[in-house]
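> Got coords_1.txt for you, compact mmCIF, C-alpha atoms:
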# COMPACT_ATOMS: atom_id res chain seq x y z
CA MET A 898 85.26 137.77 1.95
CA ILE A 899 87.71 140.60 2.56
CA THR A 900 89.09 141.50 5.98
CA VAL A 901 91.40 144.44 6.66
CA TYR A 902 93.38 144.23 9.92
CA SER A 903 94.44 147.73 10.87
CA THR A 904 95.23 150.25 13.60
CA PRO A 905 93.55 153.66 13.82
CA ALA A 906 96.50 155.97 13.03
CA CYS A 907 98.22 153.87 10.37
CA PRO A 908 98.24 155.75 7.04
CA TRP A 909 98.69 152.61 4.90
CA CYS A 910 95.62 151.07 6.53
CA HIS A 911 93.55 154.07 5.45
CA LYS A 912 94.92 153.79 1.93
CA ILE A 913 93.85 150.17 1.64
CA LYS A 914 90.37 150.97 2.90
CA GLU A 915 90.09 153.89 0.47
CA PHE A 916 91.33 151.65 -2.34
CA LEU A 917 88.73 148.97 -1.55
CA LYS A 918 85.94 151.54 -1.23
CA SER A 919 86.85 153.17 -4.54
CA ASN A 920 86.58 149.73 -6.16
CA ASN A 921 83.20 149.07 -4.50
CA LYS A 922 84.55 146.16 -2.46
CA GLU A 923 82.92 145.44 0.88
CA PHE A 924 85.23 144.45 3.71
CA ASN A 925 85.36 143.70 7.42
CA ASP A 926 87.24 146.47 9.13
CA VAL A 927 89.11 145.00 12.11
CA ASP A 928 90.89 147.31 14.56
CA VAL A 929 93.58 145.09 16.08
CA SER A 930 94.41 147.72 18.71
CA LYS A 931 91.02 147.05 20.31
CA ASP A 932 90.60 143.33 19.66
CA LYS A 933 93.38 141.11 21.03
CA ALA A 934 91.95 137.88 19.62
CA LYS A 935 91.78 139.42 16.16
CA ALA A 936 95.36 140.70 16.56
CA MET A 937 96.47 137.13 17.30
CA GLU A 938 94.49 135.92 14.29
CA MET A 939 96.27 138.46 12.10
CA ILE A 940 99.70 137.42 13.43
CA GLU A 941 98.90 133.75 12.82
CA LYS A 942 97.62 134.37 9.31
CA SER A 943 100.47 136.65 8.22
CA GLY A 944 103.34 135.36 10.36
CA GLN A 945 104.30 138.91 11.20
CA LEU A 946 103.43 141.83 13.46
CA GLY A 947 102.90 144.75 11.10
CA VAL A 948 99.70 146.39 9.92
CA PRO A 949 97.94 146.55 7.56
CA VAL A 950 97.13 142.97 6.65
CA THR A 951 94.42 142.20 4.11
CA ASP A 952 92.80 138.80 3.78
CA VAL A 953 91.11 138.36 0.40
CA ASP A 954 89.39 134.96 0.48
CA GLY A 955 92.38 133.43 2.24
CA LYS A 956 95.01 135.29 0.24
CA ILE A 957 97.11 137.27 2.72
CA ILE A 958 98.57 140.59 1.67
CA VAL A 959 100.92 142.39 4.04
CA GLY A 960 101.26 146.16 3.70
CA PHE A 961 99.74 148.42 1.05
CA ASN A 962 100.71 146.47 -2.04
CA GLN A 963 98.42 147.69 -4.81
CA ASP A 964 99.60 145.12 -7.36
CA ALA A 965 99.03 142.19 -4.99
CA LEU A 966 95.64 143.63 -4.01
CA LYS A 967 94.57 144.07 -7.62
CA GLN A 968 95.63 140.53 -8.39
CA ALA A 969 93.80 139.08 -5.38
CA LEU A 970 90.69 141.08 -6.25
CA GLY A 971 90.83 140.14 -9.93
CA LEU A 972 91.24 143.78 -10.93
CA HIS A 973 94.29 143.29 -13.11
CA GLY A 974 94.05 144.70 -16.56
CA LYS A 975 91.37 147.19 -15.57
CA ASP A 976 92.23 150.84 -15.63
CA ILE A 977 91.58 151.96 -12.10
CA MET B 496 105.08 164.74 -24.90
CA GLU B 497 102.53 167.40 -25.65
CA LYS B 498 103.76 170.36 -23.73
CA ILE B 499 106.66 171.70 -21.81
CA PHE B 500 105.92 172.34 -18.17
CA ASP B 501 107.34 175.32 -16.29
CA LEU B 502 107.90 173.04 -13.32
CA ILE B 503 107.57 169.47 -12.13
CA ILE B 504 107.38 169.06 -8.36
CA ILE B 505 108.52 165.61 -7.21
CA GLY B 506 107.20 164.53 -3.82
CA GLY B 507 103.96 165.02 -1.89
CA GLY B 508 105.10 165.80 1.64
CA PRO B 509 104.90 169.20 3.38
CA ALA B 510 107.56 170.71 1.06
CA GLY B 511 105.93 169.47 -2.15
CA ILE B 512 102.39 170.37 -1.12
CA THR B 513 103.37 173.88 0.01
CA ALA B 514 105.29 174.32 -3.23
CA ALA B 515 102.19 173.30 -5.19
CA ILE B 516 100.07 175.89 -3.36
CA TYR B 517 102.61 178.62 -4.10
CA ALA B 518 103.03 177.46 -7.72
CA SER B 519 99.25 177.54 -8.22
CA ARG B 520 99.05 181.07 -6.89
CA LYS B 521 101.90 182.10 -9.21
CA LYS B 522 99.93 180.44 -12.04
CA LEU B 523 102.87 178.29 -13.06
CA ASN B 524 102.23 175.56 -15.57
CA TYR B 525 103.22 172.65 -13.35
CA ALA B 526 102.47 169.10 -12.28
CA ILE B 527 103.16 167.43 -8.94
CA VAL B 528 104.26 163.79 -8.94
CA TYR B 529 104.10 161.67 -5.81
CA LYS B 530 103.40 158.15 -4.72
CA ASP B 531 102.36 158.79 -1.13
CA ILE B 532 100.71 162.00 -0.02
CA GLY B 533 102.06 163.42 3.24
CA GLY B 534 105.36 161.56 3.24
CA GLU B 535 106.76 161.06 6.73
CA LEU B 536 104.19 163.55 8.11
CA ALA B 537 101.37 161.10 7.36
CA LYS B 538 103.08 158.58 9.65
CA THR B 539 103.50 161.02 12.54
CA THR B 540 101.25 160.36 15.51
CA PHE B 541 100.79 163.91 16.66
CA VAL B 542 102.09 167.34 15.74
CA GLU B 543 102.22 170.08 18.37
CA ASN B 544 104.72 172.47 16.80
CA TYR B 545 103.15 173.55 13.52
CA THR B 546 102.04 177.14 14.02
CA GLY B 547 98.28 177.38 14.34
CA TYR B 548 97.84 173.75 15.35
CA LYS B 549 98.14 173.06 19.07
CA ASN B 550 97.65 169.35 18.61
CA VAL B 551 96.84 167.60 15.37
CA SER B 552 97.55 164.09 14.07
CA GLY B 553 99.95 163.75 11.15
CA GLU B 554 97.19 162.14 9.18
CA GLU B 555 94.77 165.03 9.79
CA LEU B 556 97.39 167.67 8.98
CA THR B 557 98.16 165.79 5.75
CA ARG B 558 94.46 165.82 4.89
CA ILE B 559 94.26 169.59 5.53
CA PHE B 560 97.39 170.20 3.40
CA GLU B 561 96.01 168.02 0.61
CA GLU B 562 92.64 169.79 0.65
CA HIS B 563 94.39 173.17 0.45
CA MET B 564 96.49 172.04 -2.52
CA LYS B 565 93.58 170.44 -4.37
CA MET B 566 91.56 173.66 -4.06
CA PHE B 567 93.65 174.87 -7.03
CA ASN B 568 93.04 171.72 -9.14
CA PRO B 569 96.69 171.02 -9.91
CA ILE B 570 97.82 168.26 -12.29
CA ILE B 571 98.62 165.38 -9.94
CA ILE B 572 100.45 162.28 -11.13
CA GLU B 573 100.41 159.50 -8.54
CA ASP B 574 103.52 157.57 -9.46
CA HIS B 575 107.18 157.08 -8.63
CA VAL B 576 109.73 159.09 -10.58
CA SER B 577 112.23 156.57 -11.92
CA ASP B 578 114.61 158.94 -13.60
CA ILE B 579 115.35 162.55 -14.43
CA GLU B 580 117.69 163.66 -17.14
CA LYS B 581 118.88 166.76 -18.95
CA HIS B 582 117.27 167.35 -22.33
CA GLY B 583 118.79 170.28 -24.19
CA LYS B 584 118.18 173.33 -22.04
CA TYR B 585 115.24 171.61 -20.28
CA PHE B 586 114.75 168.36 -18.35
CA LEU B 587 112.87 165.09 -18.69
CA VAL B 588 111.09 163.55 -15.70
CA LYS B 589 110.22 159.87 -16.21
CA THR B 590 107.61 157.92 -14.31
CA HIS B 591 106.45 154.36 -14.84
CA ASP B 592 104.45 155.28 -17.95
CA LYS B 593 104.99 158.97 -18.63
CA THR B 594 107.81 161.24 -19.75
CA LEU B 595 107.33 164.90 -18.85
CA GLU B 596 109.40 167.73 -20.28
CA THR B 597 109.96 170.67 -17.99
CA LYS B 598 111.94 173.86 -17.66
CA THR B 599 112.58 173.39 -13.95
CA ILE B 600 112.33 170.64 -11.33
CA LEU B 601 111.71 170.88 -7.60
CA ILE B 602 112.82 167.79 -5.70
CA CYS B 603 110.88 167.23 -2.48
CA THR B 604 111.42 163.50 -2.19
CA GLY B 605 112.13 163.58 1.54
CA ALA B 606 113.94 160.85 3.39
CA ASN B 607 113.31 157.29 4.49
CA PRO B 608 113.87 155.97 8.01
CA LYS B 609 117.43 154.76 8.44
CA GLN B 610 118.26 151.15 9.19
CA LEU B 611 120.62 149.98 11.93
CA ASP B 612 122.55 147.43 9.86
CA ILE B 613 122.92 144.98 12.72
CA PRO B 614 122.32 141.23 12.86
CA GLY B 615 118.65 140.31 13.16
CA GLU B 616 117.25 143.63 11.90
CA LYS B 617 116.25 142.37 8.45
CA ARG B 618 115.24 138.91 9.66
CA TYR B 619 112.81 140.32 12.21
CA ALA B 620 111.47 143.22 10.11
CA SER B 621 107.72 143.26 10.82
CA LYS B 622 108.31 140.39 13.24
CA GLY B 623 108.87 142.72 16.13
CA VAL B 624 111.12 145.23 14.38
CA SER B 625 109.25 148.33 13.21
CA TRP B 626 110.07 151.78 11.87
CA CYS B 627 106.53 153.07 12.45
CA ALA B 628 105.25 153.18 16.03
CA THR B 629 102.21 155.07 14.78
CA CYS B 630 101.28 151.98 12.77
CA ASP B 631 102.48 149.10 14.89
CA ALA B 632 102.59 150.22 18.55
CA PRO B 633 99.01 149.01 19.21
CA LEU B 634 100.22 145.45 18.54
CA PHE B 635 102.41 145.46 21.64
CA PRO B 636 99.98 145.63 24.55
CA GLU B 637 101.53 144.54 27.86
CA LYS B 638 104.79 143.73 26.04
CA HIS B 639 108.36 144.85 26.67
CA VAL B 640 109.75 146.98 23.86
CA ALA B 641 112.86 148.98 23.01
CA VAL B 642 113.04 152.27 21.15
CA VAL B 643 116.36 152.94 19.44
CA GLY B 644 117.05 156.65 18.99
CA ALA B 645 116.18 159.50 21.32
CA GLY B 646 115.40 162.36 18.95
CA ASN B 647 111.88 163.74 18.49
CA THR B 648 110.73 160.76 16.44
CA GLY B 649 112.10 158.33 19.03
CA LEU B 650 110.40 160.17 21.88
CA THR B 651 107.14 160.24 19.94
CA SER B 652 107.39 156.45 19.71
CA VAL B 653 108.23 156.22 23.41
CA LEU B 654 105.23 158.34 24.45
CA GLN B 655 102.94 156.25 22.32
CA LEU B 656 104.34 152.94 23.57
CA LEU B 657 104.16 154.01 27.22
CA ASP B 658 100.37 154.00 26.84
CA ILE B 659 100.34 150.46 25.48
CA ALA B 660 103.38 148.40 26.52
CA ASP B 661 104.36 147.29 30.03
CA LYS B 662 107.98 148.37 29.76
CA VAL B 663 109.79 150.70 27.37
CA TYR B 664 113.58 150.87 27.07
CA LEU B 665 114.92 153.97 25.37
CA LEU B 666 118.38 153.54 23.88
CA SER B 667 119.99 156.96 23.63
CA LYS B 668 123.24 157.55 21.78
CA TYR B 669 124.01 160.44 24.13
CA ASP B 670 123.83 160.89 27.90
CA GLU B 671 120.56 162.77 27.59
CA PRO B 672 117.91 162.29 24.89
CA LYS B 673 118.20 164.95 22.17
CA ALA B 674 114.42 165.34 21.74
CA ASP B 675 112.47 168.46 22.81
CA LYS B 676 112.63 168.74 26.60
CA ILE B 677 108.84 168.87 26.90
CA MET B 678 108.63 165.36 25.43
CA VAL B 679 111.52 163.97 27.47
CA GLU B 680 110.05 165.31 30.71
CA LYS B 681 106.65 163.86 29.91
CA ALA B 682 108.16 160.44 29.16
CA LYS B 683 110.29 160.47 32.31
CA GLN B 684 107.15 160.74 34.44
CA SER B 685 106.27 157.16 33.56
CA PRO B 686 107.62 154.38 35.79
CA LYS B 687 107.48 152.10 32.75
CA LEU B 688 110.36 153.94 31.06
CA GLU B 689 114.02 152.99 31.44
CA ILE B 690 116.52 155.20 29.63
CA LEU B 691 119.83 153.59 28.68
CA PRO B 692 122.32 156.42 28.07
CA GLN B 693 125.13 156.00 25.53
CA ALA B 694 123.71 152.60 24.66
CA MET B 695 124.40 150.85 21.36
CA ILE B 696 122.21 148.03 20.14
CA GLN B 697 124.38 145.14 18.87
CA SER B 698 121.92 142.53 17.66
CA ILE B 699 118.28 141.47 17.61
CA ASP B 700 117.54 137.85 18.44
CA GLY B 701 114.55 135.56 18.66
CA ASP B 702 112.80 132.60 17.14
CA LYS B 703 109.76 133.32 14.96
CA PHE B 704 109.50 136.80 16.45
CA VAL B 705 111.82 139.11 18.37
CA GLU B 706 112.68 137.87 21.85
CA SER B 707 115.68 139.91 22.94
CA ILE B 708 118.30 142.49 22.05
CA ASP B 709 121.97 142.73 22.99
CA VAL B 710 122.92 146.22 24.07
CA LYS B 711 126.37 147.62 24.75
CA LEU B 712 126.03 149.89 27.76
CA LYS B 713 127.85 153.07 28.75
CA ASP B 714 130.25 151.15 31.03
CA GLY B 715 131.27 148.87 28.15
CA SER B 716 129.37 145.82 29.36
CA THR B 717 126.77 144.02 27.22
CA ARG B 718 123.25 143.42 28.48
CA LYS B 719 120.74 141.01 26.97
CA ILE B 720 117.32 142.60 27.32
CA PRO B 721 114.19 140.53 26.73
CA VAL B 722 111.86 142.52 24.46
CA GLN B 723 109.18 141.59 21.95
CA GLY B 724 109.38 144.79 19.97
CA VAL B 725 112.14 147.06 18.63
CA PHE B 726 111.23 150.46 17.22
CA ILE B 727 113.99 152.07 15.18
CA ASN B 728 114.09 155.88 15.02
CA ILE B 729 117.70 156.77 14.24
CA GLY B 730 117.15 159.35 11.55
CA TYR B 731 116.59 159.34 7.83
CA ASP B 732 118.33 158.59 4.54
CA PRO B 733 117.52 161.09 1.77
CA ASN B 734 115.65 159.74 -1.27
CA THR B 735 117.85 160.67 -4.18
CA SER B 736 117.80 157.51 -6.29
CA CYS B 737 116.05 159.20 -9.26
CA LEU B 738 118.64 161.96 -9.57
CA ASN B 739 121.08 160.21 -11.81
CA GLY B 740 124.09 162.16 -10.52
CA LEU B 741 122.64 165.41 -11.89
CA VAL B 742 123.07 167.35 -8.66
CA GLN B 743 125.77 167.53 -6.04
CA LEU B 744 125.20 165.71 -2.75
CA ASP B 745 126.97 166.20 0.58
CA LYS B 746 128.77 163.40 2.43
CA PHE B 747 125.46 162.26 3.95
CA GLY B 748 123.87 161.90 0.52
CA ARG B 749 121.71 165.03 0.96
CA ILE B 750 121.19 167.52 -1.86
CA ILE B 751 123.29 170.64 -1.43
CA ILE B 752 121.19 173.79 -1.94
CA ASP B 753 121.83 177.52 -1.81
CA ASP B 754 119.70 180.29 -0.24
CA HIS B 755 117.32 180.03 -3.20
CA ASN B 756 116.91 176.26 -2.79
CA MET B 757 118.81 175.81 -6.05
CA THR B 758 121.03 172.76 -6.45
CA SER B 759 124.39 172.59 -8.25
CA GLN B 760 122.39 172.07 -11.49
CA PRO B 761 120.74 175.35 -12.62
CA GLY B 762 117.01 174.74 -13.05
CA ILE B 763 116.86 171.93 -10.49
CA PHE B 764 115.77 173.02 -7.03
CA ALA B 765 115.27 170.98 -3.86
CA ALA B 766 113.25 171.49 -0.67
CA GLY B 767 112.65 169.80 2.67
CA ASP B 768 114.20 166.72 4.23
CA VAL B 769 116.06 165.65 1.09
CA THR B 770 118.31 168.72 1.32
CA ASN B 771 121.33 169.47 3.47
CA THR B 772 119.30 171.75 5.73
CA PRO B 773 120.43 170.67 9.21
CA TYR B 774 117.01 170.48 10.87
CA LYS B 775 114.15 168.28 9.75
CA GLN B 776 110.83 169.78 10.73
CA ILE B 777 107.43 169.94 9.04
CA ILE B 778 107.37 173.73 9.23
CA ILE B 779 110.90 173.99 7.83
CA ALA B 780 110.02 171.69 4.91
CA ALA B 781 106.90 173.76 4.20
CA ALA B 782 108.90 177.00 4.30
CA HIS B 783 111.44 175.47 1.93
CA GLY B 784 108.65 174.68 -0.52
CA ALA B 785 107.51 178.31 -0.47
CA ASN B 786 111.04 179.70 -0.76
CA ALA B 787 111.82 177.39 -3.68
CA ILE B 788 108.76 178.42 -5.69
CA ILE B 789 109.50 182.12 -5.35
CA ALA B 790 113.05 181.39 -6.50
CA ILE B 791 111.80 179.20 -9.38
CA TYR B 792 109.40 181.96 -10.46
CA ASP B 793 112.34 184.36 -10.65
CA HIS B 794 114.49 181.76 -12.42
CA LEU B 795 111.79 181.20 -15.07
CA ALA B 796 111.48 184.97 -15.61
CA MET B 797 115.25 185.14 -16.07
CA MET B 798 115.10 182.28 -18.61
CA GLU B 799 112.38 184.14 -20.54
CA ASN B 800 114.47 187.30 -20.64
CA LYS B 801 117.47 185.41 -21.98
CA SER B 802 115.60 183.70 -24.82
Can you give me the file's structure in the form of structure tokens?


Amino acid sequence: MITVYSTPACPWCHKIKEFLKSNNKEFNDVDVSKDKAKAMEMIEKSGQLGVPVTDVDGKIIVGFNQDALKQALGLHGKDI
Amino acid sequence: MEKIFDLIIIGGGPAGITAAIYASRKKLNYAIVYKDIGGELAKTTFVENYTGYKNVSGEELTRIFEEHMKMFNPIIIEDHVSDIEKHGKYFLVKTHDKTLETKTILICTGANPKQLDIPGEKRYASKGVSWCATCDAPLFPEKHVAVVGAGNTGLTSVLQLLDIADKVYLLSKYDEPKADKIMVEKAKQSPKLEILPQAMIQSIDGDKFVESIDVKLKDGSTRKIPVQGVFINIGYDPNTSCLNGLVQLDKFGRIIIDDHNMTSQPGIFAAGDVTNTPYKQIIIAAAHGANAIIAIYDHLAMMENKS
């Protein structure tokens, strides 16, 4: 399961969502500005206070790190 | 390398995008190389001073710019430029997996938010310390936060945080914030705001996350202020790492340009926040992009005449 923790105006958050969509990956889109409990969950999982955070089956990726995302999603080696 | 480009534009912010639109209309044989479309504009919460737009988010304006540029189907390479070098009378632009040969280069690489270089800043990066209020402000509801820097970017952060946090300290280097008066006046209406004039942040402390900052006040005393967030908006450092010493920089590391946006290296031009233009504005960067392309067009014509 993939969860993206984001805020509405954050450009990197949009990039991650676009990236996942373009790779046909479904994800839970969590707006931490509206959901305090989810914000706390994100802080606990990532140990930090910045968005975006992506949880790919328990693998936590902070920021828009395409290489880490590709690796977590098993997309390495594919030309995308 | 199959062909020689007329021009490679490096950077996808307002300067680079505007340059691409002008270059398309001039029918130049060019490519634009960037990693992140929009640059600093994409991270701006709202824009109220770009002619024709009374109020637009940075993200939306970036989208409109991008759409305008893509209308001309330019060659876009989404990558970092690692290196540029001189190659006979032309230049080579190197990315991660490509080498492009070009007659001219336009550098629109912008600038990155400056760091404070104080104890605790690195340790608490993303643990309360942020350079992007647009991204991270929503994570500080009912918290106490400090904004360091009282220019337009700092005041944008303040205005955003006043809607979310319980208390916002604004650390201003000067007696009065340097931002546009309209923003300062709006911020001052909030009882949540406390402006600390001539205040210098000394250190950021905490445990797992930020808990306090030490601030040297105008009267010389030091005050420990409990805050959970520190937003740093003290200006920008120009991105010139790919330049390889090819062009002359000023003492702030910005590219020196002339009236035609040309650098000290004939054939290399620069536009926007990376240059020594004193004022950093979206509309100024865009105008630079336009000016540079007209100059590059003339420069290319001159090169043709010579050969």

> Which residues of chain A come within 6 Å of chain B, and for each one, what is the closest pair of atoms and their distance in Å to one decimal, counting only C-alpha atoms, sorted by chain and residue number, as a tab-separated table?


residue	atom	partner	partner_atom	distance
A:Cys907	CA	B:Cys630	CA	4.3
A:Ser930	CA	B:Pro633	CA	4.8
A:Gln945	CA	B:Lys622	CA	4.7
A:Leu946	CA	B:Lys622	CA	5.1
A:Gly947	CA	B:Ser621	CA	5.1

> Near Ala526 (chain B), counting all atoms listed in the file, which residues have an atom at most 10 Å away, once you skip same-chain residues fewer than 5 positions from it, shown as an NGL selection string?

:B and (500-505 or 515 or 518-519 or 569-572 or 595 or 597)

> Around the point (95.2, 142.8, -5.4) (coordinates from the file), which residues reach within 12 Å if we count only C-alpha atoms? Answer as a PDB file with C-alpha atoms, keeping the file's coordinate frame.


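What ended up in result34.pdb:
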ATOM      1  CA  ILE A 899      87.710 140.600   2.560  1.00  0.00           C
ATOM      2  CA  ILE A 913      93.850 150.170   1.640  1.00  0.00           C
ATOM      3  CA  PHE A 916      91.330 151.650  -2.340  1.00  0.00           C
ATOM      4  CA  LEU A 917      88.730 148.970  -1.550  1.00  0.00           C
ATOM      5  CA  ASN A 920      86.580 149.730  -6.160  1.00  0.00           C
ATOM      6  CA  LYS A 922      84.550 146.160  -2.460  1.00  0.00           C
ATOM      7  CA  THR A 951      94.420 142.200   4.110  1.00  0.00           C
ATOM      8  CA  ASP A 952      92.800 138.800   3.780  1.00  0.00           C
ATOM      9  CA  VAL A 953      91.110 138.360   0.400  1.00  0.00           C
ATOM     10  CA  ASP A 954      89.390 134.960   0.480  1.00  0.00           C
ATOM     11  CA  LYS A 956      95.010 135.290   0.240  1.00  0.00           C
ATOM     12  CA  ILE A 957      97.110 137.270   2.720  1.00  0.00           C
ATOM     13  CA  ILE A 958      98.570 140.590   1.670  1.00  0.00           C
ATOM     14  CA  VAL A 959     100.920 142.390   4.040  1.00  0.00           C
ATOM     15  CA  GLY A 960     101.260 146.160   3.700  1.00  0.00           C
ATOM     16  CA  PHE A 961      99.740 148.420   1.050  1.00  0.00           C
ATOM     17  CA  ASN A 962     100.710 146.470  -2.040  1.00  0.00           C
ATOM     18  CA  GLN A 963      98.420 147.690  -4.810  1.00  0.00           C
ATOM     19  CA  ASP A 964      99.600 145.120  -7.360  1.00  0.00           C
ATOM     20  CA  ALA A 965      99.030 142.190  -4.990  1.00  0.00           C
ATOM     21  CA  LEU A 966      95.640 143.630  -4.010  1.00  0.00           C
ATOM     22  CA  LYS A 967      94.570 144.070  -7.620  1.00  0.00           C
ATOM     23  CA  GLN A 968      95.630 140.530  -8.390  1.00  0.00           C
ATOM     24  CA  ALA A 969      93.800 139.080  -5.380  1.00  0.00           C
ATOM     25  CA  LEU A 970      90.690 141.080  -6.250  1.00  0.00           C
ATOM     26  CA  GLY A 971      90.830 140.140  -9.930  1.00  0.00           C
ATOM     27  CA  LEU A 972      91.240 143.780 -10.930  1.00  0.00           C
ATOM     28  CA  HIS A 973      94.290 143.290 -13.110  1.00  0.00           C
ATOM     29  CA  GLY A 974      94.050 144.700 -16.560  1.00  0.00           C
ATOM     30  CA  LYS A 975      91.370 147.190 -15.570  1.00  0.00           C
ATOM     31  CA  ILE A 977      91.580 151.960 -12.100  1.00  0.00           C
TER      32      ILE A 977
END

> Mind giving me the straight-line distance from CA of Gly955 (chain A) to CA of Thr900 (chain A) in Å, one decimal?

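Pair CA of Gly955 (chain A) / CA of Thr900 (chain A) returns 9.5 Å.
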
> For a test of reading the model, state the distance in Å between CA of Glu580 (chain B) and CA of Asp732 (chain B), rounded to one decimal.

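Atom-to-atom, CA of Glu580 (chain B) and CA of Asp732 (chain B) are spaced 22.3 Å apart.
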
> Step by step: start from the point (112.9, 169.6, 3.2) in the file's coordinates, keep every protein, DNA or RNA residue that has an atom no farther than 10 Å from it, count only C-alpha atoms, and write the set as a VMD selection string.

chain B and resid 508 to 511 602 to 606 733 750 756 765 to 784

> Can you work out the spacing between CA of Gly762 (chain B) and CA of Thr599 (chain B) in Å, to one decimal?

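One can read the CA of Gly762 (chain B) to CA of Thr599 (chain B) distance as 4.7 Å.
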
> Nearest to Arg618 (chain B): which of B:Ser698, B:Thr594, B:Gln655, B:Asn800 is it, counting only C-alpha atoms?

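That would be B:Ser698, the residue with the smallest distance to Arg618 (chain B).
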
> In terms of the shortest atom-to-atom distance over all atoms listed in the file, which of A:Lys918, A:Asp928, A:Met939, A:Gly944 is closest to Thr904 (chain A)?

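Comparing A:Lys918, A:Asp928, A:Met939, A:Gly944 against Thr904 (chain A), the winner is A:Asp928.
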
> Considering only C-alpha atoms, state which residue in the set A:Ser919, A:Met898, A:Pro905, A:Ala934 is at the smallest distance from Pro949 (chain A).

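Using only C-alpha atoms, the shortest distance to Pro949 (chain A) belongs to A:Pro905.
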